[in-house]
Amino acid sequence: MNQLEIDISRDLDRKRLADQLRLHEGYRSKVYYDTTGHATVGIGFNLDSVSAPVHLKLADAPSREEIIAGAELTRDQIYSLLSYSIKSAINCASKIISNYDRLSDVRKRVVIDMAFNLGCRKFSMFKNTIKAIEEERWEDAARGMENSLWYKQVKSRGVRLARMMRTDEDYVS
């Protein structure tokens, strides 16, 4: 499965989302440890997640243990894992943001990116930002993002996503 075959949701530029996540997460065929210490591979695939063993098997990828021991993933395996992670992030964003279906492509990609990066539980804690998004108060939503620990931790990713939320313009190149 490649990045163009990801079944994401209607009115969403699939390639732009995959490119955006690759920009923000990087692309590594071997294990690395993210800023919170989680074993990660590919395009931000968290090997410590509960669902990782199932997704690795579905992607015909080496096991978590084999990857940590040095096994390398193929491009197809990386994009297969990305598709599972994206589906999970979309499910999360669409459940948490009541007007998700009415968001523009750019703003959908912002909330999907945040859900992808934070995980659903932590993303759901952005109560004021979520409320501002649901009320279409874009400046307030962006400020809520900027006033978080997450924003300080993710640096340029946060700057880019807050600007995309505020302006509804794509700043991913």
# chains A, B, ... in the order shown; residues from 1 in each chain; ligands from 1
>>> residues_around(residues="Ser88 in chain A", least_positions_apart="4", cutoff="12 Å", atoms="only C-alpha atoms", output="PyMOL selection string")
chain A and resi 6-9+45+49+51-52+55+81-84+92-95+112-120
>>> write_last_selection(atoms="N, CA, C and O atoms", output="mmCIF file, in the first residue's frame")
data_model
loop_
_atom_site.group_PDB
_atom_site.id
_atom_site.type_symbol
_atom_site.label_atom_id
_atom_site.label_comp_id
_atom_site.auth_asym_id
_atom_site.auth_seq_id
_atom_site.Cartn_x
_atom_site.Cartn_y
_atom_site.Cartn_z
ATOM 1 N N ILE A 6 -4.162 5.414 0.863
ATOM 2 C CA ILE A 6 -4.669 5.528 2.223
ATOM 3 C C ILE A 6 -6.120 5.995 2.171
ATOM 4 O O ILE A 6 -6.428 7.018 1.585
ATOM 5 N N ASP A 7 -7.024 5.224 2.786
ATOM 6 C CA ASP A 7 -8.431 5.602 2.839
ATOM 7 C C ASP A 7 -8.620 6.527 4.026
ATOM 8 O O ASP A 7 -8.788 6.088 5.146
ATOM 9 N N ILE A 8 -8.592 7.801 3.795
ATOM 10 C CA ILE A 8 -8.582 8.752 4.897
ATOM 11 C C ILE A 8 -9.986 9.255 5.191
ATOM 12 O O ILE A 8 -10.608 8.851 6.141
ATOM 13 N N SER A 9 -10.488 10.168 4.458
ATOM 14 C CA SER A 9 -11.833 10.681 4.597
ATOM 15 C C SER A 9 -12.100 11.554 3.396
ATOM 16 O O SER A 9 -11.182 11.953 2.699
ATOM 17 N N PHE A 45 5.857 6.078 13.543
ATOM 18 C CA PHE A 45 5.115 4.921 14.038
ATOM 19 C C PHE A 45 5.658 4.524 15.400
ATOM 20 O O PHE A 45 6.811 4.109 15.526
ATOM 21 N N SER A 49 3.124 1.492 21.168
ATOM 22 C CA SER A 49 1.664 1.534 21.261
ATOM 23 C C SER A 49 1.095 0.122 21.381
ATOM 24 O O SER A 49 1.702 -0.855 20.926
ATOM 25 N N SER A 51 -1.359 -1.185 19.858
ATOM 26 C CA SER A 51 -1.729 -1.773 18.567
ATOM 27 C C SER A 51 -0.533 -2.061 17.662
ATOM 28 O O SER A 51 -0.696 -2.647 16.589
ATOM 29 N N ALA A 52 0.668 -1.680 18.068
ATOM 30 C CA ALA A 52 1.852 -1.840 17.212
ATOM 31 C C ALA A 52 2.053 -3.279 16.726
ATOM 32 O O ALA A 52 2.275 -3.475 15.519
ATOM 33 N N HIS A 55 -0.385 -4.023 13.850
ATOM 34 C CA HIS A 55 -0.102 -3.255 12.635
ATOM 35 C C HIS A 55 1.193 -3.699 11.968
ATOM 36 O O HIS A 55 1.276 -3.739 10.740
ATOM 37 N N LEU A 81 2.328 1.216 7.548
ATOM 38 C CA LEU A 81 2.206 1.618 8.958
ATOM 39 C C LEU A 81 1.668 3.045 9.067
ATOM 40 O O LEU A 81 0.850 3.337 9.943
ATOM 41 N N LEU A 82 2.106 3.920 8.171
ATOM 42 C CA LEU A 82 1.594 5.290 8.166
ATOM 43 C C LEU A 82 0.090 5.296 7.937
ATOM 44 O O LEU A 82 -0.649 6.024 8.599
ATOM 45 N N SER A 83 -0.386 4.458 7.027
ATOM 46 C CA SER A 83 -1.822 4.443 6.753
ATOM 47 C C SER A 83 -2.621 4.021 7.984
ATOM 48 O O SER A 83 -3.667 4.591 8.265
ATOM 49 N N TYR A 84 -2.128 3.048 8.753
ATOM 50 C CA TYR A 84 -2.819 2.644 9.979
ATOM 51 C C TYR A 84 -2.826 3.786 10.986
ATOM 52 O O TYR A 84 -3.846 4.058 11.631
ATOM 53 N N CYS A 92 -9.861 9.546 15.687
ATOM 54 C CA CYS A 92 -9.768 10.359 16.893
ATOM 55 C C CYS A 92 -10.278 11.770 16.629
ATOM 56 O O CYS A 92 -11.163 12.262 17.333
ATOM 57 N N ALA A 93 -9.720 12.440 15.631
ATOM 58 C CA ALA A 93 -10.094 13.833 15.339
ATOM 59 C C ALA A 93 -11.573 13.963 15.030
ATOM 60 O O ALA A 93 -12.238 14.890 15.506
ATOM 61 N N SER A 94 -12.116 13.007 14.275
ATOM 62 C CA SER A 94 -13.528 13.107 13.892
ATOM 63 C C SER A 94 -14.466 12.842 15.069
ATOM 64 O O SER A 94 -15.604 13.314 15.075
ATOM 65 N N LYS A 95 -14.003 12.122 16.071
ATOM 66 C CA LYS A 95 -14.817 11.897 17.273
ATOM 67 C C LYS A 95 -14.736 13.072 18.233
ATOM 68 O O LYS A 95 -15.718 13.398 18.899
ATOM 69 N N ILE A 112 -5.741 16.410 12.494
ATOM 70 C CA ILE A 112 -5.242 15.041 12.298
ATOM 71 C C ILE A 112 -3.774 14.966 12.706
ATOM 72 O O ILE A 112 -3.354 14.030 13.383
ATOM 73 N N ASP A 113 -2.992 15.964 12.316
ATOM 74 C CA ASP A 113 -1.575 16.000 12.664
ATOM 75 C C ASP A 113 -1.403 16.027 14.182
ATOM 76 O O ASP A 113 -0.580 15.301 14.745
ATOM 77 N N MET A 114 -2.204 16.840 14.852
ATOM 78 C CA MET A 114 -2.122 16.906 16.314
ATOM 79 C C MET A 114 -2.509 15.569 16.944
ATOM 80 O O MET A 114 -1.834 15.093 17.862
ATOM 81 N N ALA A 115 -3.585 14.953 16.467
ATOM 82 C CA ALA A 115 -4.017 13.655 17.003
ATOM 83 C C ALA A 115 -2.962 12.591 16.727
ATOM 84 O O ALA A 115 -2.690 11.734 17.569
ATOM 85 N N PHE A 116 -2.365 12.632 15.560
ATOM 86 C CA PHE A 116 -1.288 11.705 15.189
ATOM 87 C C PHE A 116 -0.122 11.850 16.159
ATOM 88 O O PHE A 116 0.408 10.869 16.667
ATOM 89 N N ASN A 117 0.287 13.083 16.406
ATOM 90 C CA ASN A 117 1.462 13.363 17.228
ATOM 91 C C ASN A 117 1.208 13.131 18.717
ATOM 92 O O ASN A 117 2.041 12.556 19.413
ATOM 93 N N LEU A 118 0.059 13.564 19.206
ATOM 94 C CA LEU A 118 -0.238 13.513 20.631
ATOM 95 C C LEU A 118 -0.863 12.206 21.086
ATOM 96 O O LEU A 118 -0.749 11.838 22.250
ATOM 97 N N GLY A 119 -1.564 11.549 20.186
ATOM 98 C CA GLY A 119 -2.420 10.435 20.589
ATOM 99 C C GLY A 119 -3.773 11.003 20.975
ATOM 100 O O GLY A 119 -3.900 12.187 21.308
ATOM 101 N N CYS A 120 -4.779 10.162 20.935
ATOM 102 C CA CYS A 120 -6.150 10.634 21.129
ATOM 103 C C CYS A 120 -6.386 11.192 22.535
ATOM 104 O O CYS A 120 -7.017 12.232 22.700
#
>>> residues_around(residues="Thr36 in chain A", least_positions_apart="2", cutoff="12 Å", atoms="only C-alpha atoms", output="list of chain:residue names")
A:Tyr32, A:Tyr33, A:Asp34, A:His38, A:Ala39, A:Thr40, A:Asn46, A:Asp48, A:Asn117, A:Leu118, A:Trp150, A:Gln153, A:Val154
>>> residues_around(residues="range 18-23 of chain A", least_positions_apart="2", cutoff="7 Å", atoms="only C-alpha atoms", output="PDB file with N, CA and C atoms, in the first residue's frame")
ATOM      1  N   GLN A   3       1.236   5.714  -0.173  1.00  0.00           N
ATOM      2  CA  GLN A   3       0.585   6.843   0.472  1.00  0.00           C
ATOM      3  C   GLN A   3      -0.668   7.308  -0.257  1.00  0.00           C
ATOM      4  N   ARG A  14      -5.018  13.482   0.442  1.00  0.00           N
ATOM      5  CA  ARG A  14      -4.261  12.372   1.021  1.00  0.00           C
ATOM      6  C   ARG A  14      -2.757  12.545   0.889  1.00  0.00           C
ATOM      7  N   LYS A  15      -2.332  12.953  -0.270  1.00  0.00           N
ATOM      8  CA  LYS A  15      -0.894  13.122  -0.486  1.00  0.00           C
ATOM      9  C   LYS A  15      -0.351  14.257   0.372  1.00  0.00           C
ATOM     10  N   ARG A  16      -1.082  15.356   0.455  1.00  0.00           N
ATOM     11  CA  ARG A  16      -0.632  16.486   1.281  1.00  0.00           C
ATOM     12  C   ARG A  16      -0.499  16.065   2.741  1.00  0.00           C
ATOM     13  N   GLU A  25       7.377  14.395  11.069  1.00  0.00           N
ATOM     14  CA  GLU A  25       7.851  13.218  11.798  1.00  0.00           C
ATOM     15  C   GLU A  25       9.221  12.725  11.317  1.00  0.00           C
ATOM     16  N   GLY A  26       9.562  13.044  10.083  1.00  0.00           N
ATOM     17  CA  GLY A  26      10.773  12.487   9.501  1.00  0.00           C
ATOM     18  C   GLY A  26      10.481  11.121   8.893  1.00  0.00           C
ATOM     19  N   TYR A  27      11.497  10.523   8.317  1.00  0.00           N
ATOM     20  CA  TYR A  27      11.360   9.228   7.643  1.00  0.00           C
ATOM     21  C   TYR A  27      12.600   8.422   7.986  1.00  0.00           C
ATOM     22  N   ILE A  43       7.525   6.732   9.664  1.00  0.00           N
ATOM     23  CA  ILE A  43       7.053   8.114   9.746  1.00  0.00           C
ATOM     24  C   ILE A  43       6.246   8.223  11.038  1.00  0.00           C
ATOM     25  N   ASP A 113      -2.992  15.964  12.316  1.00  0.00           N
ATOM     26  CA  ASP A 113      -1.575  16.000  12.664  1.00  0.00           C
ATOM     27  C   ASP A 113      -1.403  16.027  14.182  1.00  0.00           C
ATOM     28  N   VAL A 172       2.868  23.986   4.429  1.00  0.00           N
ATOM     29  CA  VAL A 172       3.711  22.797   4.304  1.00  0.00           C
ATOM     30  C   VAL A 172       4.240  22.761   2.887  1.00  0.00           C
TER      31      VAL A 172
END
>>> select_by_dssp(residues="range 17-161 of chain A", states="helix (DSSP H, G or I)", output="PyMOL selection string")
chain A and resi 17-25+52-58+64-68+75-96+100-102+105-118+120-123+127-134+138-146+149-154+156-161
>>> atom_distance(atom1="CA of Leu103 in chain A", atom2="CA of Asn147 in chain A")
22.2 Å
>>> select_by_dssp(residues="range 7-47 of chain A", states="strand (DSSP E)", output="number ranges by chain")
A: 28-33, 39-42, 45-46
>>> residues_around(residues="Arg163 in chain A", least_positions_apart="2", cutoff="12 Å", atoms="only C-alpha atoms", output="PDB file with C-alpha atoms, in the first residue's frame")
ATOM      1  CA  VAL A 106      -6.074  22.558   5.789  1.00  0.00           C
ATOM      2  CA  ARG A 107      -7.761  22.621   9.194  1.00  0.00           C
ATOM      3  CA  VAL A 110      -4.023  20.369  11.482  1.00  0.00           C
ATOM      4  CA  TRP A 138      -9.708  30.275  14.469  1.00  0.00           C
ATOM      5  CA  GLU A 139      -7.550  32.904  16.212  1.00  0.00           C
ATOM      6  CA  ASP A 140      -8.533  31.506  19.619  1.00  0.00           C
ATOM      7  CA  ALA A 141      -7.885  27.945  18.440  1.00  0.00           C
ATOM      8  CA  ALA A 142      -4.409  28.916  17.230  1.00  0.00           C
ATOM      9  CA  ARG A 143      -3.676  30.770  20.480  1.00  0.00           C
ATOM     10  CA  GLY A 144      -4.779  27.719  22.458  1.00  0.00           C
ATOM     11  CA  MET A 145      -2.296  25.628  20.509  1.00  0.00           C
ATOM     12  CA  GLU A 146       0.454  28.210  21.072  1.00  0.00           C
ATOM     13  CA  TYR A 151       3.681  23.774  21.175  1.00  0.00           C
ATOM     14  CA  SER A 156       8.456  24.483  14.057  1.00  0.00           C
ATOM     15  CA  ARG A 157       5.657  21.925  13.740  1.00  0.00           C
ATOM     16  CA  GLY A 158       3.575  23.865  16.269  1.00  0.00           C
ATOM     17  CA  VAL A 159       4.344  27.202  14.622  1.00  0.00           C
ATOM     18  CA  ARG A 160       3.318  25.824  11.233  1.00  0.00           C
ATOM     19  CA  LEU A 161       0.128  24.133  12.490  1.00  0.00           C
ATOM     20  CA  MET A 165      -5.300  26.914  11.858  1.00  0.00           C
ATOM     21  CA  ARG A 166      -5.322  30.707  12.086  1.00  0.00           C
ATOM     22  CA  THR A 167      -5.178  31.487   8.349  1.00  0.00           C
ATOM     23  CA  ASP A 168      -6.560  28.340   6.647  1.00  0.00           C
ATOM     24  CA  GLU A 169      -3.524  28.502   4.373  1.00  0.00           C
ATOM     25  CA  ASP A 170      -1.155  25.640   3.691  1.00  0.00           C
ATOM     26  CA  TYR A 171       2.369  26.288   4.979  1.00  0.00           C
ATOM     27  CA  VAL A 172       3.711  22.797   4.304  1.00  0.00           C
TER      28      VAL A 172
END
>>> residues_around(residues="Thr74 in chain A", least_positions_apart="4", cutoff="10 Å", atoms="only C-alpha atoms", output="PyMOL selection string")
chain A and resi 28-30+42+60-61+78-80
>>> write_last_selection(atoms="C-alpha atoms", output="PDB file, in the first residue's frame")
ATOM      1  CA  ARG A  28      13.525   6.518   9.145  1.00  0.00           C
ATOM      2  CA  SER A  29      13.737   2.896   8.142  1.00  0.00           C
ATOM      3  CA  LYS A  30      15.437   1.954  11.436  1.00  0.00           C
ATOM      4  CA  GLY A  42       9.087   4.926   9.724  1.00  0.00           C
ATOM      5  CA  ASP A  60       4.304  -7.703   6.884  1.00  0.00           C
ATOM      6  CA  ALA A  61       7.016  -5.901   8.842  1.00  0.00           C
ATOM      7  CA  ILE A  78       6.653   2.320   6.265  1.00  0.00           C
ATOM      8  CA  TYR A  79       3.711   3.636   4.231  1.00  0.00           C
ATOM      9  CA  SER A  80       1.497   0.760   5.315  1.00  0.00           C
TER      10      SER A  80
END
>>> atom_distance(atom1="CA of Ile97 in chain A", atom2="CA of Val111 in chain A")
8.5 Å
>>> atom_distance(atom1="CA of Pro53 in chain A", atom2="CA of Arg121 in chain A")
20.2 Å
>>> closest_residue(among="A:Gly37, A:Val31, A:Lys87, A:Arg75", to="Ser63 in chain A", atoms="only C-alpha atoms")
A:Val31
>>> closest_residue(among="A:Leu149, A:Leu12, A:Leu73, A:Met125", to="Ala59 in chain A", atoms="only C-alpha atoms")
A:Leu73
>>> closest_residue(among="A:Lys122, A:Gln77, A:Val50, A:Glu134", to="Pro62 in chain A", atoms="only C-alpha atoms")
A:Gln77
